[in-house]
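Here's the structure we're looking at; comments come further down.
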Amino acid sequence: FPSHDSALLKGLVFALTGKSDIGRNELTKMIENNGGLVKSVSKTTSYLVTDDPNSTSGKTKKAKEYGVNDAGRTSLHGAIHLYQTGHPI
């Protein structure tokens with residue numbers, strides 16, 4: 001990931017669930033370096049970052065109950081990369 005920080009995700013709260021090629025710590029750092037927060041699922045969560053939006057996990061169920069949007073890990077990574085570099089992955 002690009003090393004410079006941005007405010008691209010400022011004011012957004014993310015919850016993470018599931019497995020991914022992108023490690024949880026790396027993904028958390030990427031979100032926080034771009035102004036977002038990583039917390040557990042709550043009514044203030046903006047996006048649930050998941051590899052499987054149809055999962056029956058507790059986090060996914062709670063996110064759906066609260067009306068939280070899904071954000072795929074690859075899509076999130078791609079959007080931040082494009083914003084910071086001007087080039088798609």
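Just so we're on the same page: first chain in the structure tokens is A, next is B, and so on; residues restart at 1 for each chain, and ligands are numbered from 1 in the order they show up.
Here the residues within chain A that DSSP labels strand (DSSP E) on the basis of the backbone are A:Val13, A:Phe14, A:Ala15, A:Leu16, A:Leu37, A:Val38, A:Tyr47, A:Leu48, A:Val49, A:Thr50, A:Asn69, A:Asp70, A:Ala71, A:Gly72.
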* Asked: Near Asp21 (chain A), within 12 Å and counting only C-alpha atoms, which residues show up once chain neighbours fewer than 3 positions away are dropped, as number ranges by chain?
  -> A: 18, 24-27, 50-51, 72-74, 77
Export of the given selection (N, CA and C atoms) as a CSV table (one decimal), in the first residue's frame:
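Ended up saving to selection-v8.csv:
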```csv
chain,number,residue,atom,x,y,z
A,18,GLY,N,-14.1,-12.2,8.6
A,18,GLY,CA,-13.7,-13.1,7.5
A,18,GLY,C,-12.2,-13.2,7.2
A,24,ARG,N,-5.4,-8.8,8.6
A,24,ARG,CA,-6.2,-7.9,9.4
A,24,ARG,C,-5.4,-6.7,9.9
A,25,ASN,N,-4.2,-6.9,10.4
A,25,ASN,CA,-3.4,-5.8,10.9
A,25,ASN,C,-3.1,-4.8,9.7
A,26,GLU,N,-2.7,-5.3,8.6
A,26,GLU,CA,-2.4,-4.5,7.4
A,26,GLU,C,-3.7,-3.7,7.0
A,27,LEU,N,-4.8,-4.3,6.9
A,27,LEU,CA,-6.0,-3.7,6.6
A,27,LEU,C,-6.4,-2.6,7.6
A,50,THR,N,-15.8,-7.5,4.4
A,50,THR,CA,-15.9,-8.9,4.5
A,50,THR,C,-15.5,-9.6,3.2
A,51,ASP,N,-15.1,-10.8,3.2
A,51,ASP,CA,-14.8,-11.6,2.0
A,51,ASP,C,-16.1,-12.3,1.5
A,72,GLY,N,-16.2,-5.0,0.1
A,72,GLY,CA,-15.3,-6.1,-0.1
A,72,GLY,C,-13.8,-5.6,0.1
A,73,ARG,N,-13.0,-6.5,0.7
A,73,ARG,CA,-11.6,-6.1,1.0
A,73,ARG,C,-10.9,-5.7,-0.2
A,74,THR,N,-11.0,-6.4,-1.3
A,74,THR,CA,-10.3,-6.1,-2.5
A,74,THR,C,-10.8,-4.7,-3.1
A,77,HIS,N,-9.3,-1.9,-0.9
A,77,HIS,CA,-7.9,-1.7,-1.2
A,77,HIS,C,-7.7,-1.0,-2.5
```
* To do: Work out how far apart CA of Lys19 (chain A) and CA of Asp52 (chain A) are and give it in Å to one decimal.
  =>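 Between CA of Lys19 (chain A) and CA of Asp52 (chain A) the gap is 8.8 Å.
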* Pick out the residues sitting within 8 Å of Leu8 (chain A), and hand them over as a ChimeraX atom specification; count only C-alpha atoms, and ignore anything fewer than 5 positions along from it in its own chain. => /A:34-36,80,83
* Residue with smallest distance to Glu32 (chain A) - pool A:Leu9, A:Ala79, A:Val68, A:Ala63, counting only C-alpha atoms ->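 Distance minimum relative to Glu32 (chain A) lands on A:Leu9.
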Residues of region 28-52 of chain A that approach region 57-62 of chain A to 10 Å or less, counting only C-alpha atoms: could you list each one with the shortest pair of atoms and its distance in Å to one decimal, rows by chain and increasing residue number, as a Markdown table?
```
| residue | atom | partner | partner_atom | distance |
| --- | --- | --- | --- | --- |
| A:Ser40 | CA | A:Lys59 | CA | 8.2 |
| A:Val41 | CA | A:Lys59 | CA | 6.4 |
| A:Ser42 | CA | A:Lys62 | CA | 7.8 |
| A:Lys43 | CA | A:Lys62 | CA | 9.2 |
| A:Leu48 | CA | A:Thr60 | CA | 7.5 |
| A:Val49 | CA | A:Thr60 | CA | 9.5 |
| A:Thr50 | CA | A:Thr60 | CA | 8.3 |
| A:Asp52 | CA | A:Thr60 | CA | 8.9 |
```
* To do: Could you tell me, as a PyMOL selection string, which residues of chain A DSSP assigns to alpha helix (DSSP H) when given the backbone?
  => chain A and resi 24-33+58-66+73-85
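The space between CA of Asp5 (chain A) and CA of Thr17 (chain A) spans 23.7 Å.
If you look at CA of Asn33 (chain A) and CA of Thr85 (chain A), they are 14.7 Å away from each other.
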* Structure fact -> One residue among A:Leu16, A:Gly11, A:Glu65, A:Asp70 is nearest to Lys39 (chain A) when using only C-alpha atoms, and that residue is A:Leu16
